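> Supplied structure: my_file31.pdb, PDB, C-alpha atoms.
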ATOM      1  CA  MET A1140      94.578  86.090  86.677  1.00  0.00           C
ATOM      2  CA  LYS A1141      92.182  87.149  89.427  1.00  0.00           C
ATOM      3  CA  VAL A1142      90.860  90.699  89.789  1.00  0.00           C
ATOM      4  CA  GLN A1143      89.031  92.094  92.822  1.00  0.00           C
ATOM      5  CA  TYR A1144      87.817  95.640  93.365  1.00  0.00           C
ATOM      6  CA  ASP A1145      87.166  97.273  96.750  1.00  0.00           C
ATOM      7  CA  LYS A1146      84.673 100.020  95.931  1.00  0.00           C
ATOM      8  CA  SER A1147      84.787 101.730  99.341  1.00  0.00           C
ATOM      9  CA  ALA A1148      88.581 102.068  99.190  1.00  0.00           C
ATOM     10  CA  ASP A1149      88.804 102.480  95.367  1.00  0.00           C
ATOM     11  CA  VAL A1150      91.520  99.827  95.210  1.00  0.00           C
ATOM     12  CA  LEU A1151      91.965  97.210  92.497  1.00  0.00           C
ATOM     13  CA  TYR A1152      93.744  93.991  93.428  1.00  0.00           C
ATOM     14  CA  VAL A1153      95.234  91.977  90.573  1.00  0.00           C
ATOM     15  CA  THR A1154      96.658  88.525  91.256  1.00  0.00           C
ATOM     16  CA  LEU A1155      98.712  87.242  88.362  1.00  0.00           C
ATOM     17  CA  ARG A1156      99.824  84.085  90.136  1.00  0.00           C
ATOM     18  CA  LYS A1157      98.822  82.740  93.538  1.00  0.00           C
ATOM     19  CA  GLN A1158     101.804  82.962  95.870  1.00  0.00           C
ATOM     20  CA  ASP A1159     102.339  82.641  99.615  1.00  0.00           C
ATOM     21  CA  PRO A1160     102.873  86.203 100.930  1.00  0.00           C
ATOM     22  CA  LYS A1161     105.789  84.915 103.026  1.00  0.00           C
ATOM     23  CA  GLN A1162     107.603  84.089  99.781  1.00  0.00           C
ATOM     24  CA  CYS A1163     107.108  87.593  98.426  1.00  0.00           C
ATOM     25  CA  ARG A1164     108.401  91.068  98.926  1.00  0.00           C
ATOM     26  CA  PHE A1165     106.198  94.106  98.504  1.00  0.00           C
ATOM     27  CA  VAL A1166     107.489  97.154  96.641  1.00  0.00           C
ATOM     28  CA  GLU A1167     105.779 100.469  95.962  1.00  0.00           C
ATOM     29  CA  ASN A1168     106.358 101.819  92.441  1.00  0.00           C
ATOM     30  CA  GLU A1169     106.521 105.487  91.434  1.00  0.00           C
ATOM     31  CA  ASN A1170     102.710 105.624  90.996  1.00  0.00           C
ATOM     32  CA  GLY A1171     102.084 104.487  94.566  1.00  0.00           C
ATOM     33  CA  ASP A1172     100.921 101.056  93.461  1.00  0.00           C
ATOM     34  CA  VAL A1173     102.169  98.059  95.424  1.00  0.00           C
ATOM     35  CA  LEU A1174     103.849  95.219  93.584  1.00  0.00           C
ATOM     36  CA  LYS A1175     103.929  91.708  95.054  1.00  0.00           C
ATOM     37  CA  ILE A1176     107.188  90.142  93.873  1.00  0.00           C
ATOM     38  CA  ASP A1177     108.248  86.494  94.162  1.00  0.00           C
ATOM     39  CA  ARG A1178     111.504  86.481  96.168  1.00  0.00           C
ATOM     40  CA  LEU A1179     112.957  83.534  94.220  1.00  0.00           C
ATOM     41  CA  THR A1180     112.141  84.471  90.625  1.00  0.00           C
ATOM     42  CA  GLY A1181     111.854  88.267  90.887  1.00  0.00           C
ATOM     43  CA  HIS A1182     108.602  88.130  88.908  1.00  0.00           C
ATOM     44  CA  VAL A1183     105.621  90.282  89.793  1.00  0.00           C
ATOM     45  CA  VAL A1184     102.821  87.967  90.956  1.00  0.00           C
ATOM     46  CA  GLY A1185     100.325  90.644  91.987  1.00  0.00           C
ATOM     47  CA  VAL A1186      99.655  94.348  92.141  1.00  0.00           C
ATOM     48  CA  THR A1187      97.483  96.618  94.275  1.00  0.00           C
ATOM     49  CA  ILE A1188      96.332  99.691  92.372  1.00  0.00           C
ATOM     50  CA  ILE A1189      95.441 102.628  94.590  1.00  0.00           C
ATOM     51  CA  ALA A1190      92.725 105.161  93.576  1.00  0.00           C
ATOM     52  CA  PHE A1191      91.868 103.041  90.558  1.00  0.00           C
ATOM     53  CA  LEU A1192      88.594 104.593  89.351  1.00  0.00           C
ATOM     54  CA  LEU A1193      89.685 108.076  90.391  1.00  0.00           C
ATOM     55  CA  ARG A1194      92.670 107.771  88.057  1.00  0.00           C
ATOM     56  CA  ILE A1195      90.639 106.252  85.225  1.00  0.00           C
ATOM     57  CA  ASN A1196      87.887 108.880  85.507  1.00  0.00           C
ATOM     58  CA  ARG A1197      90.456 111.687  85.422  1.00  0.00           C
ATOM     59  CA  GLY A1198      91.815 110.273  82.179  1.00  0.00           C
ATOM     60  CA  LEU A1199      95.049 109.174  83.800  1.00  0.00           C
ATOM     61  CA  GLU A1200      96.557 106.052  82.333  1.00  0.00           C
ATOM     62  CA  VAL A1201      96.936 103.190  84.770  1.00  0.00           C
ATOM     63  CA  ASN A1202     100.281 101.806  83.742  1.00  0.00           C
ATOM     64  CA  ILE A1203     102.288  99.221  85.623  1.00  0.00           C
ATOM     65  CA  PRO A1204     105.564  99.106  83.682  1.00  0.00           C
ATOM     66  CA  GLU A1205     106.790  96.122  85.675  1.00  0.00           C
ATOM     67  CA  ILE A1206     104.154  93.784  84.173  1.00  0.00           C
ATOM     68  CA  ARG A1207     102.663  93.072  80.776  1.00  0.00           C
ATOM     69  CA  ALA A1208      99.773  95.130  79.454  1.00  0.00           C
ATOM     70  CA  ILE A1209      96.467  94.642  81.232  1.00  0.00           C
ATOM     71  CA  PRO A1210      93.221  96.200  79.934  1.00  0.00           C
ATOM     72  CA  PHE A1211      92.596  98.405  82.977  1.00  0.00           C
ATOM     73  CA  ALA A1212      90.071 100.591  81.134  1.00  0.00           C
ATOM     74  CA  GLU A1213      88.014  97.454  80.453  1.00  0.00           C
ATOM     75  CA  PHE A1214      88.086  96.568  84.162  1.00  0.00           C
ATOM     76  CA  ALA A1215      86.870 100.073  84.968  1.00  0.00           C
ATOM     77  CA  LYS A1216      84.026  99.702  82.478  1.00  0.00           C
ATOM     78  CA  ASN A1217      82.998  96.406  84.081  1.00  0.00           C
ATOM     79  CA  ILE A1218      83.167  97.881  87.580  1.00  0.00           C
ATOM     80  CA  THR A1219      81.108 100.983  86.837  1.00  0.00           C
ATOM     81  CA  GLY A1220      78.850  99.579  84.133  1.00  0.00           C
ATOM     82  CA  HIS A1221      79.648 102.459  81.786  1.00  0.00           C
ATOM     83  CA  ASN A1222      82.430 103.642  79.512  1.00  0.00           C
ATOM     84  CA  THR A1223      85.040 105.670  81.434  1.00  0.00           C
ATOM     85  CA  SER A1224      87.167 106.678  78.458  1.00  0.00           C
ATOM     86  CA  HIS A1225      87.383 110.345  77.523  1.00  0.00           C
TER      87      HIS A1225
END
Written as structure tokens, that's how I'd like the structure from this file.

Amino acid sequence: MKVQYDKSADVLYVTLRKQDPKQCRFVENENGDVLKIDRLTGHVVGVTIIAFLLRINRGLEVNIPEIRAIPFAEFAKNITGHNTSH
């Protein structure tokens, strides 16, 4: 798994499996996050999480029901250097 954070845009990019974008479809879930889905298997291979720290700092749970649990609060702690839990 690869995780990248764009501080200026407050966007977290999570790559679960490297995949050619041409072999994927992109779907927005109900939270406004973008899922990268393998066209052949239907598995989520990546996710773009919009307003990541804003959501964490407001105490909103970052939940991507389409994939297994990922410790997003821990990512936020690593990004900011302090505990963001309330």
> Would you work out the distance separating atom CA of A:Gly1198 from atom CA of A:Met1140, expressed in Å to one decimal?
24.8 Å
> Take the PyMOL selection byres ((chain A and resi 1146) around 10), apply it to the structure above, and return the hits as a list in words.
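For this structure, the PyMOL selection byres ((chain A and resi 1146) around 10) resolves to Gln1143, Tyr1144, Asp1145, Ser1147, Ala1148, Asp1149, Val1150, Leu1151, Ala1190, Phe1191, Leu1192, Ile1218 and Thr1219 of chain A.
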> Since we have the selection now, will you write its residues out, keeping C-alpha atoms, as an mmCIF file, keeping the file's coordinate frame?

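New file result-v2.cif:
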data_model
loop_
_atom_site.group_PDB
_atom_site.id
_atom_site.type_symbol
_atom_site.label_atom_id
_atom_site.label_comp_id
_atom_site.auth_asym_id
_atom_site.auth_seq_id
_atom_site.Cartn_x
_atom_site.Cartn_y
_atom_site.Cartn_z
ATOM 1 C CA GLN A 1143 89.031 92.094 92.822
ATOM 2 C CA TYR A 1144 87.817 95.640 93.365
ATOM 3 C CA ASP A 1145 87.166 97.273 96.750
ATOM 4 C CA SER A 1147 84.787 101.730 99.341
ATOM 5 C CA ALA A 1148 88.581 102.068 99.190
ATOM 6 C CA ASP A 1149 88.804 102.480 95.367
ATOM 7 C CA VAL A 1150 91.520 99.827 95.210
ATOM 8 C CA LEU A 1151 91.965 97.210 92.497
ATOM 9 C CA ALA A 1190 92.725 105.161 93.576
ATOM 10 C CA PHE A 1191 91.868 103.041 90.558
ATOM 11 C CA LEU A 1192 88.594 104.593 89.351
ATOM 12 C CA ILE A 1218 83.167 97.881 87.580
ATOM 13 C CA THR A 1219 81.108 100.983 86.837
#
> Under the PyMOL selection byres ((chain A and resi 1177) around 10), which residues of this model are included? Write them out as a PyMOL selection string.
chain A and resi 1156+1158-1165+1174-1176+1178-1185
> Separation of atom CA of A:Thr1154 and atom CA of A:Arg1197, in Å?
24.7 Å
> Care to translate the PyMOL selection byres ((chain A and resi 1168) around 12) into actual residues of this file, as a CSV table (one decimal) with C-alpha atoms, in the frame of the given file?

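After the write, selection.csv holds the following:
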chain,number,residue,atom,x,y,z
A,1165,PHE,CA,106.2,94.1,98.5
A,1166,VAL,CA,107.5,97.2,96.6
A,1167,GLU,CA,105.8,100.5,96.0
A,1169,GLU,CA,106.5,105.5,91.4
A,1170,ASN,CA,102.7,105.6,91.0
A,1171,GLY,CA,102.1,104.5,94.6
A,1172,ASP,CA,100.9,101.1,93.5
A,1173,VAL,CA,102.2,98.1,95.4
A,1174,LEU,CA,103.8,95.2,93.6
A,1175,LYS,CA,103.9,91.7,95.1
A,1176,ILE,CA,107.2,90.1,93.9
A,1183,VAL,CA,105.6,90.3,89.8
A,1186,VAL,CA,99.7,94.3,92.1
A,1187,THR,CA,97.5,96.6,94.3
A,1188,ILE,CA,96.3,99.7,92.4
A,1189,ILE,CA,95.4,102.6,94.6
A,1202,ASN,CA,100.3,101.8,83.7
A,1203,ILE,CA,102.3,99.2,85.6
A,1204,PRO,CA,105.6,99.1,83.7
A,1205,GLU,CA,106.8,96.1,85.7
A,1206,ILE,CA,104.2,93.8,84.2
> Stretch 1193-1201 of chain A, all listed atoms, 5 Å padding on each side: what axis-aligned box centre and edge lengths in Å to one decimal come out, as AutoDock Vina command-line options?

--center_x 92.4 --center_y 107.4 --center_z 86.3 --size_x 19.0 --size_y 18.5 --size_z 18.2
